[in-house]
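run02.txt, holding compact mmCIF, C-alpha atoms and all ligand atoms:
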# COMPACT_ATOMS: atom_id res chain seq x y z
CA MET T 161 -41.46 126.26 6.96
CA ASP T 162 -43.00 124.98 3.73
CA ALA T 163 -43.23 127.12 0.62
CA GLN T 164 -47.00 127.38 0.93
CA VAL T 165 -46.78 129.08 4.32
CA SER T 166 -43.96 131.24 3.14
CA PHE T 167 -45.95 132.56 0.15
CA LEU T 168 -48.74 133.54 2.54
CA ASP T 169 -46.22 135.13 4.90
CA GLN T 170 -44.60 136.96 2.01
CA LEU T 171 -48.00 138.35 1.02
CA PHE T 172 -48.49 139.57 4.60
CA ASN T 173 -44.93 140.94 4.83
CA GLN T 174 -45.34 142.79 1.55
CA GLY T 175 -48.67 144.25 2.70
CA ILE T 176 -50.51 142.65 -0.24
CA LEU T 177 -52.89 140.83 2.12
CA HIS T 178 -53.44 141.41 5.85
CA ASP T 179 -53.81 138.61 8.39
CA SER T 180 -57.08 138.45 10.35
CA GLY T 181 -56.15 135.54 12.61
CA VAL T 182 -58.54 133.22 10.75
CA ASP T 183 -57.12 131.13 7.91
CA GLY T 184 -58.68 131.98 4.59
CA LEU T 185 -60.08 135.33 5.75
CA TYR T 186 -57.86 138.24 4.74
CA ALA T 187 -58.04 141.98 4.25
CA ARG T 188 -57.02 143.00 0.75
CA SER T 189 -54.64 145.89 0.13
CA GLY T 190 -55.34 148.66 -2.36
CA VAL T 191 -52.76 147.17 -4.73
CA PHE T 192 -54.38 143.73 -4.59
CA GLU T 193 -57.82 145.22 -5.27
CA ASP T 194 -56.46 147.31 -8.12
CA VAL T 195 -55.09 144.17 -9.80
CA ILE T 196 -58.49 142.49 -9.40
CA SER T 197 -60.46 145.39 -10.81
CA LYS T 198 -58.05 145.73 -13.75
CA PHE T 199 -58.31 142.00 -14.42
CA GLU T 200 -62.11 142.25 -14.37
CA ALA T 201 -62.03 145.06 -16.91
CA PHE T 202 -59.58 143.03 -19.04
CA ALA T 203 -61.84 139.95 -18.82
CA LEU T 204 -64.84 142.02 -19.90
CA THR T 205 -63.10 142.92 -23.18
CA PHE T 206 -63.58 139.26 -24.19
CA GLY T 207 -66.97 138.36 -25.60
CA GLN T 208 -68.29 141.87 -24.87
CA ASP T 209 -70.85 141.80 -27.70
CA GLU T 210 -72.31 138.50 -26.54
CA ILE T 211 -73.32 139.63 -23.05
CA SER T 212 -77.01 140.43 -22.72
CA GLU T 213 -76.90 141.60 -19.12
CA ALA T 214 -74.64 142.24 -16.11
CA MET T 215 -75.32 141.59 -12.41
CA VAL T 216 -73.41 141.83 -9.13
CA PHE T 217 -74.69 139.80 -6.17
CA PRO T 218 -74.29 140.38 -2.44
CA PRO T 219 -72.47 137.60 -0.55
CA GLY T 220 -75.75 136.09 0.68
CA MET T 221 -78.58 134.42 -1.22
CA PRO T 222 -82.15 133.39 -0.30
CA MET T 223 -82.19 130.23 1.82
CA THR T 224 -84.99 128.74 -0.30
CA ASP T 225 -82.90 129.09 -3.47
CA PHE T 226 -79.88 127.71 -1.65
CA GLU T 227 -81.99 124.65 -0.76
CA THR T 228 -83.17 124.31 -4.35
CA SER T 229 -79.54 124.26 -5.55
CA GLY T 230 -78.97 120.92 -3.77
CA TYR T 231 -75.78 122.28 -2.19
CA MET T 232 -76.44 120.57 1.17
CA LYS T 233 -76.78 117.23 -0.63
CA ASN T 234 -73.54 117.59 -2.55
CA PHE T 235 -71.22 119.86 -0.51
CA PRO T 236 -72.51 120.12 3.10
CA GLN T 237 -68.91 120.45 4.34
CA LEU T 238 -68.43 123.74 2.49
CA ALA T 239 -71.72 125.49 3.21
CA GLY T 240 -72.34 128.44 5.51
CA THR T 241 -75.66 129.91 6.62
CA VAL T 242 -76.47 133.16 8.43
CA HIS T 243 -77.85 133.03 11.97
CA ALA T 244 -79.15 135.92 14.08
CA PHE T 245 -80.42 136.59 17.59
CA CYS T 246 -84.22 136.65 17.49
CA GLY T 247 -85.08 136.60 21.20
CA ASN T 248 -86.66 138.95 23.76
CA ASP T 249 -85.16 140.89 26.72
CA HIS T 250 -85.04 137.78 28.85
CA ASP T 251 -83.24 135.79 26.14
CA HIS T 252 -80.83 138.70 25.72
CA MET T 253 -79.87 138.54 29.40
CA GLY T 254 -79.12 134.85 28.95
CA LEU T 255 -77.06 135.58 25.86
CA ILE T 256 -74.94 138.23 27.56
CA GLN T 257 -74.40 136.00 30.57
CA CYS T 258 -73.33 133.14 28.36
CA ILE T 259 -70.77 135.35 26.58
CA ALA T 260 -69.51 136.74 29.92
CA GLU T 261 -68.96 133.20 31.18
CA GLY T 262 -67.04 132.30 28.04
CA LYS T 263 -69.60 129.64 27.12
CA ASP T 264 -70.90 128.80 23.66
CA TRP T 265 -73.58 131.43 22.99
CA THR T 266 -74.19 130.66 19.32
CA ASP T 267 -77.09 128.28 19.95
CA LYS T 268 -79.02 131.33 21.15
CA GLN T 269 -79.27 132.40 17.52
CA LYS T 270 -81.67 131.14 14.88
CA ALA T 271 -81.20 130.46 11.19
CA THR T 272 -82.27 133.41 9.02
CA ASP T 273 -83.58 133.21 5.48
CA VAL T 274 -80.09 133.97 4.14
CA ALA T 275 -77.37 131.50 3.16
CA LEU T 276 -73.84 132.53 2.19
CA THR T 277 -73.52 132.23 -1.58
CA PRO T 278 -71.38 129.18 -2.36
CA ALA T 279 -71.10 129.70 -6.14
CA ALA T 280 -71.53 132.98 -7.99
CA CYS T 281 -74.09 131.80 -10.52
CA TYR T 282 -76.62 130.26 -8.10
CA PRO T 283 -78.53 133.50 -7.34
CA LEU T 284 -78.97 134.09 -11.09
CA TYR T 285 -81.07 131.02 -11.90
CA PRO T 286 -84.18 131.85 -9.81
CA ILE T 287 -84.13 135.39 -11.23
CA LEU T 288 -84.16 134.03 -14.79
CA ALA T 289 -86.82 131.45 -13.93
CA LYS T 290 -89.21 134.14 -12.68
CA ARG T 291 -89.12 135.85 -16.07
CA GLY T 292 -90.80 132.92 -17.80
CA PRO T 293 -89.54 130.98 -20.85
CA LEU T 294 -86.37 132.26 -22.53
CA THR T 295 -86.36 133.59 -26.08
CA ALA T 296 -84.52 131.60 -28.76
CA ASP T 297 -81.37 133.64 -27.97
CA GLY T 298 -81.37 132.39 -24.38
CA ALA T 299 -79.52 134.43 -21.74
CA TYR T 300 -75.85 135.42 -21.51
CA VAL T 301 -75.05 137.09 -18.20
CA ALA T 302 -71.80 138.55 -16.84
CA LEU T 303 -71.82 138.52 -13.06
CA GLN T 304 -69.72 138.82 -9.95
CA SER T 305 -70.22 137.67 -6.38
CA TYR T 306 -68.40 137.06 -3.16
CA CYS T 307 -68.62 133.37 -2.30
CA PHE T 308 -68.15 131.48 0.96
CA ARG T 309 -66.72 128.00 1.35
CA HIS T 310 -65.80 126.52 4.70
CA GLU T 311 -62.36 125.28 3.77
CA PRO T 312 -59.92 127.06 6.13
CA SER T 313 -56.36 126.67 4.88
CA ARG T 314 -52.91 128.25 5.07
CA ASP T 315 -52.78 128.04 1.28
CA PRO T 316 -53.44 131.67 0.31
CA ALA T 317 -55.22 130.45 -2.83
CA ARG T 318 -57.80 128.60 -0.72
CA MET T 319 -59.80 131.31 0.97
CA GLN T 320 -63.06 131.06 2.88
CA MET T 321 -64.40 134.23 1.30
CA PHE T 322 -63.41 135.08 -2.24
CA ARG T 323 -64.87 136.49 -5.44
CA GLN T 324 -65.83 134.80 -8.66
CA ARG T 325 -66.43 136.63 -11.88
CA GLU T 326 -68.58 134.50 -14.11
CA TYR T 327 -70.15 134.39 -17.51
CA VAL T 328 -73.26 132.24 -17.61
CA ARG T 329 -75.02 130.89 -20.69
CA VAL T 330 -78.58 129.65 -20.43
CA GLY T 331 -80.47 128.18 -23.36
CA SER T 332 -80.23 125.11 -25.60
CA PRO T 333 -77.66 122.31 -25.16
CA GLU T 334 -75.79 123.62 -28.23
CA GLN T 335 -75.71 127.19 -26.93
CA ALA T 336 -74.37 126.01 -23.56
CA MET T 337 -71.75 123.65 -25.04
CA ASP T 338 -70.55 126.15 -27.70
CA PHE T 339 -70.21 128.78 -25.01
CA ARG T 340 -68.09 126.52 -22.84
CA GLU T 341 -65.77 125.55 -25.72
CA THR T 342 -65.34 129.20 -26.72
CA TRP T 343 -64.44 130.16 -23.16
CA LYS T 344 -61.95 127.33 -22.77
CA GLN T 345 -60.08 128.91 -25.69
CA ARG T 346 -60.53 132.46 -24.43
CA GLY T 347 -59.38 131.55 -20.94
CA GLN T 348 -56.11 130.24 -22.35
CA GLU T 349 -55.74 133.31 -24.57
CA MET T 350 -56.18 135.53 -21.50
CA MET T 351 -53.52 133.61 -19.55
CA LYS T 352 -51.11 133.83 -22.49
CA ILE T 353 -51.49 137.61 -22.54
CA LEU T 354 -50.99 137.70 -18.76
CA GLN T 355 -47.89 135.50 -19.22
CA LEU T 356 -49.02 132.90 -16.70
CA PRO T 357 -48.06 129.23 -17.22
CA HIS T 358 -51.27 127.25 -17.45
CA GLU T 359 -53.01 124.05 -18.47
CA VAL T 360 -56.61 123.05 -18.99
CA GLU T 361 -57.66 119.73 -17.51
CA VAL T 362 -60.77 117.68 -16.77
CA ALA T 363 -61.86 118.19 -13.16
CA ASN T 364 -64.52 117.29 -10.63
CA ASP T 365 -66.21 119.11 -7.77
CA PRO T 366 -65.47 117.97 -4.16
CA PHE T 367 -68.74 116.03 -3.67
CA PHE T 368 -69.18 114.89 -0.06
CA GLY T 369 -68.78 111.32 1.19
CA ARG T 370 -68.68 107.91 -0.44
CA ALA T 371 -71.63 108.50 -2.79
CA GLY T 372 -69.99 111.81 -3.64
CA ARG T 373 -66.85 110.09 -4.89
CA MET T 374 -68.97 108.28 -7.47
CA MET T 375 -70.49 111.59 -8.55
CA GLY T 376 -67.01 113.02 -9.00
CA VAL T 377 -66.02 110.06 -11.18
CA SER T 378 -69.16 110.41 -13.28
CA GLN T 379 -68.62 114.18 -13.65
CA ARG T 380 -65.13 113.47 -15.00
CA GLU T 381 -66.30 110.71 -17.32
CA GLN T 382 -68.87 113.02 -18.83
CA GLU T 383 -66.32 115.86 -19.01
CA LEU T 384 -68.76 118.26 -17.38
CA LYS T 385 -66.05 120.32 -15.67
CA PHE T 386 -62.71 121.65 -16.86
CA GLU T 387 -60.27 123.77 -14.93
CA LEU T 388 -57.48 126.04 -16.05
CA VAL T 389 -54.69 125.52 -13.55
CA VAL T 390 -51.68 127.72 -12.78
CA PRO T 391 -48.85 126.97 -10.34
CA VAL T 392 -49.44 129.37 -7.45
CA ASN T 393 -47.64 127.52 -4.65
CA SER T 394 -44.37 125.81 -5.48
CA THR T 395 -45.13 122.74 -3.34
CA ALA T 396 -48.81 122.16 -3.96
CA LYS T 397 -50.20 121.02 -7.27
CA PRO T 398 -51.24 123.79 -9.68
CA THR T 399 -54.26 125.80 -8.58
CA ALA T 400 -57.55 126.07 -10.49
CA CYS T 401 -57.87 129.72 -11.44
CA MET T 402 -60.74 129.30 -13.92
CA SER T 403 -63.47 126.68 -14.29
CA PHE T 404 -65.58 125.81 -17.30
CA ASN T 405 -68.76 123.99 -16.32
CA TYR T 406 -71.63 122.40 -18.21
CA HIS T 407 -74.54 121.58 -15.89
CA MET T 408 -76.71 119.97 -18.58
CA ASP T 409 -80.36 120.68 -17.65
CA ASN T 410 -79.84 120.11 -13.90
CA PHE T 411 -80.30 123.76 -12.93
CA GLY T 412 -82.95 124.30 -15.61
CA LYS T 413 -84.95 121.51 -13.98
CA ALA T 414 -84.19 122.48 -10.36
CA TRP T 415 -85.27 126.11 -10.81
CA ASN T 416 -87.74 125.53 -13.61
CA ILE T 417 -85.99 127.64 -16.25
CA LYS T 418 -87.55 126.93 -19.62
CA GLN T 419 -86.29 127.24 -23.17
CA ALA T 420 -88.56 128.89 -25.74
CA ASP T 421 -90.08 125.47 -26.57
CA GLY T 422 -90.92 124.80 -22.91
CA SER T 423 -88.20 122.19 -22.30
CA PRO T 424 -85.77 122.68 -19.38
CA ALA T 425 -82.93 125.10 -20.16
CA HIS T 426 -79.33 123.92 -20.27
CA THR T 427 -76.74 126.00 -18.46
CA ALA T 428 -72.98 126.49 -18.60
CA CYS T 429 -70.73 128.87 -16.75
CA VAL T 430 -67.14 130.01 -16.81
CA GLY T 431 -65.83 131.16 -13.43
CA PHE T 432 -62.71 133.22 -12.81
CA GLY T 433 -61.34 133.00 -9.28
CA LEU T 434 -60.40 136.67 -8.88
CA GLU T 435 -58.18 136.31 -5.82
CA ARG T 436 -56.46 133.26 -7.32
CA ILE T 437 -55.68 135.08 -10.56
CA ALA T 438 -54.32 138.07 -8.63
CA LEU T 439 -52.19 135.70 -6.50
CA ALA T 440 -50.90 133.94 -9.62
CA LEU T 441 -49.87 137.32 -11.05
CA PHE T 442 -48.02 138.28 -7.85
CA ARG T 443 -46.42 134.85 -7.67
CA HIS T 444 -45.09 134.90 -11.24
CA HIS T 445 -44.41 138.59 -11.81
CA GLY T 446 -43.34 139.73 -8.34
CA PHE T 447 -44.80 141.80 -5.52
CA ASP T 448 -44.10 145.15 -7.21
CA VAL T 449 -46.67 145.70 -9.96
CA GLU T 450 -44.46 148.46 -11.44
CA THR T 451 -41.93 145.83 -12.46
CA TRP T 452 -44.39 143.41 -14.08
CA PRO T 453 -43.66 142.55 -17.75
CA GLU T 454 -44.67 145.32 -20.12
CA GLY T 455 -47.23 143.18 -21.98
CA VAL T 456 -48.96 142.28 -18.73
CA ARG T 457 -49.02 145.90 -17.55
CA LYS T 458 -50.40 147.00 -20.89
CA ALA T 459 -53.19 144.39 -20.79
CA LEU T 460 -54.21 145.43 -17.27
CA TRP T 461 -53.44 149.15 -17.04
CA GLY T 462 -53.61 150.02 -20.74
P1 LIG T 501 -65.72 126.19 -8.61
O1 LIG T 501 -67.15 126.57 -8.45
O2 LIG T 501 -65.21 125.31 -7.50
O3 LIG T 501 -65.39 125.66 -9.96
O4 LIG T 501 -64.90 127.54 -8.41
C1 LIG T 501 -64.84 128.53 -9.41
C2 LIG T 501 -63.55 129.27 -9.29
O5 LIG T 501 -63.49 129.93 -8.02
C3 LIG T 501 -62.34 128.32 -9.29
O6 LIG T 501 -61.87 128.09 -10.60
C4 LIG T 501 -61.33 129.10 -8.47
O7 LIG T 501 -60.60 129.95 -9.31
C5 LIG T 501 -62.18 129.88 -7.51
N1 LIG T 501 -62.19 129.26 -6.17
C6 LIG T 501 -62.79 128.12 -5.79
N2 LIG T 501 -62.60 127.87 -4.49
C7 LIG T 501 -61.81 128.89 -4.02
C8 LIG T 501 -61.26 129.20 -2.75
N3 LIG T 501 -61.44 128.44 -1.67
N4 LIG T 501 -60.50 130.33 -2.64
C9 LIG T 501 -60.31 131.11 -3.71
N5 LIG T 501 -60.80 130.87 -4.93
C10 LIG T 501 -61.56 129.77 -5.10
ZN ZN T 502 -71.27 129.02 -12.12
Translate this structure into structure tokens?
Ligand code: AMP
Ligand code: ZN
Amino acid sequence: MDAQVSFLDQLFNQGILHDSGVDGLYARSGVFEDVISKFEAFALTFGQDEISEAMVFPPGMPMTDFETSGYMKNFPQLAGTVHAFCGNDHDHMGLIQCIAEGKDWTDKQKATDVALTPAACYPLYPILAKRGPLTADGAYVALQSYCFRHEPSRDPARMQMFRQREYVRVGSPEQAMDFRETWKQRGQEMMKILQLPHEVEVANDPFFGRAGRMMGVSQREQELKFELVVPVNSTAKPTACMSFNYHMDNFGKAWNIKQADGSPAHTACVGFGLERIALALFRHHGFDVETWPEGVRKALWG
């Protein structure tokens, strides 16, 4: 049994996570959730005065906005959309019969106007766009969302449904870049306090296909994405627990978000993978939170 499987099994055995039978889809224990909520409160003590607004999103977003994001162009392999039965009595009979016969019944559903949110900041941009041009201060939003990515895995740090806490900066190129540099420093400061070994490195998103590989190379060359990685599994390479992204004016253009002078807004976001950070804490400090190092306990529980 490799160490990756054993860490997942240990989490199940310790009752930290509960198996559902589907890889990457787990029930969280009270202890696990407590660590996440304490981490979120800890994270919010950084840059508190800079935040102009807070939002929490449901795990689904409007299909039209999902389309605008270009997700199906870049990451079709990870996307999920919501389908529902929309038929009449006759169709229902067919559906039930299909299920009873053990046949595939899912084609009897139709796509709804909801897509599963793939990245926590996507639902924010259309909301900002609707408000009209930004003021000179731009926007600085703290948000949280469940996200879905179709990447089933036995690596407990690669879930299909997980939460991201993000800070998003929208405004001028300088505002977006300054924000990202500040958060790269803060992210490392946070990990030092939590006594987690970490490194920040240039990264790229998993763009689909051959053309996608080129996009990944270009993203790296332009240093648009950085990740803070922590060893979570002893065999696998360190896991990205935070990301620091600069999207230039791509989202400003896609959603028509304007700066005060009418030009497309630039955006940057820092994302904390909440489950991954909790897993890193359990991995490095043990399954019993009572025995975690005093400094870590103080940062999280006060
Ligand atoms: P990304 O949008 O890929 O940069 O993801 C933002 C953050 O979400 C990452 O830094 C991770 O901490 C977390 N994350 C990404 N994918 C997963 C996943 N499959 N399971 C758990 N956390 C994830
Ligand atoms: Zn984001």
Each residue of chain T with at least one atom at most 8 Å from ligand LIG 501 (chain T) should appear once, together with its nearest atom pair and the corresponding distance in Å (one decimal); atoms considered: all atoms listed in the file; ordering: chain, then increasing residue number; output as a tab-separated table.
residue	atom	partner	partner_atom	distance
T:Gly184	CA	T:LIG501	N4	7.6
T:Pro278	CA	T:LIG501	O1	7.9
T:Ala279	CA	T:LIG501	O1	5.5
T:Ala280	CA	T:LIG501	O1	7.8
T:Phe308	CA	T:LIG501	N3	7.8
T:Arg309	CA	T:LIG501	N3	6.1
T:His310	CA	T:LIG501	N3	8.0
T:Glu311	CA	T:LIG501	N3	6.4
T:Pro316	CA	T:LIG501	N4	7.8
T:Ala317	CA	T:LIG501	C9	5.2
T:Arg318	CA	T:LIG501	N4	3.7
T:Met319	CA	T:LIG501	N4	3.8
T:Gln320	CA	T:LIG501	N3	5.5
T:Met321	CA	T:LIG501	N4	6.8
T:Phe322	CA	T:LIG501	C9	5.2
T:Arg323	CA	T:LIG501	N5	7.0
T:Gln324	CA	T:LIG501	O5	5.4
T:Asp365	CA	T:LIG501	O2	6.3
T:Lys385	CA	T:LIG501	O3	7.8
T:Glu387	CA	T:LIG501	O6	6.3
T:Leu388	CA	T:LIG501	O6	7.3
T:Thr399	CA	T:LIG501	O7	7.6
T:Ala400	CA	T:LIG501	O6	4.8
T:Cys401	CA	T:LIG501	O7	3.5
T:Met402	CA	T:LIG501	O6	3.7
T:Ser403	CA	T:LIG501	O6	4.3
T:Phe404	CA	T:LIG501	O3	7.3
T:Asn405	CA	T:LIG501	O3	7.4
T:Val430	CA	T:LIG501	C1	7.9
T:Gly431	CA	T:LIG501	C1	4.9
T:Phe432	CA	T:LIG501	O7	5.2
T:Gly433	CA	T:LIG501	O7	3.1
T:Leu434	CA	T:LIG501	O7	6.7
T:Glu435	CA	T:LIG501	C9	6.0
T:Arg436	CA	T:LIG501	N5	5.5
T:Ile437	CA	T:LIG501	O7	7.2
Interatomic distance, atom CA of T:Gly292 to atom CA of T:Pro218 (Å, one decimal):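 These two atoms are separated by 23.8 Å.
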Point-to-point distance in Å for atom CA of T:Ala428 and atom CA of T:Pro236: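 Going from atom CA of T:Pro236 over to atom CA of T:Ala428 covers 22.6 Å.
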Best match for closeness to T:Gln379 among T:Phe245, T:Ser394, T:Asp297, T:Ala363, counting all atoms listed in the file: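 Between T:Phe245, T:Ser394, T:Asp297, T:Ala363, the residue approaching T:Gln379 most closely is T:Ala363.
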Within 10 Å of T:Leu303 using only C-alpha atoms, minus same-chain residues under 5 positions, as a list in words: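 Listed by chain and then number, they are Glu213, Ala214, Met215, Val216, Phe217, Ala280, Cys281, Leu284, Gln324, Arg325, Glu326, Tyr327, Val328 and Gly431 of chain T.
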Gap from atom CA of T:Ile287 to atom CA of T:Val274 - Å, one decimal: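 Pair atom CA of T:Ile287 / atom CA of T:Val274 returns 16.0 Å.
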T:Ile353 surroundings by only C-alpha atoms, 9 Å radius, close-in-sequence under 6 positions cut, as a list in words: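 Here the qualifying residues turn out to be Gly455, Val456 and Ala459 of chain T.
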Counting all atoms listed in the file, the option among T:Lys233, T:Lys418, T:Arg340, T:His252 closest to ligand ZN 502 (chain T): T:Arg340
Residue contacts of T:Leu168 (10 Å, only C-alpha atoms) excluding same-chain residues fewer than 4 positions away, as a VMD selection string: chain T and resid 163 to 164 172 to 174 176 to 179 314 to 317 393 439
Counting only C-alpha atoms and all ligand atoms, the option among T:Gly181, T:Pro424, T:Pro283, T:Gly247 closest to ligand ZN 502 (chain T): T:Pro283
Residue with smallest distance to ligand ZN 502 (chain T) - pool T:Thr342, T:Thr277, T:Gln355, T:Ser212, counting all atoms listed in the file: T:Thr277
Non-local contacts of T:His426 (8 Å; only C-alpha atoms; under 3 positions in same chain excluded) as an MDAnalysis selection string: chainID T and resid 330:333 336 407:412
9 Å contact set for T:Ile196, all atoms listed in the file, chain neighbours under 2 positions out, as an NGL selection string: :T and (191-194 or 198-201 or 434-435 or 437-438)
For T:Gln237, the nearest of the candidates T:Pro391, T:Phe368, T:Leu356, T:Phe447, counting only C-alpha atoms: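 Result for the nearest residue to T:Gln237: T:Phe368.
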Counting only C-alpha atoms, the residue of T:Gly462, T:Val195, T:Thr241, T:Met253 that sits nearest T:Leu441: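 When distances to T:Leu441 are compared using only C-alpha atoms, the smallest one comes from T:Val195.
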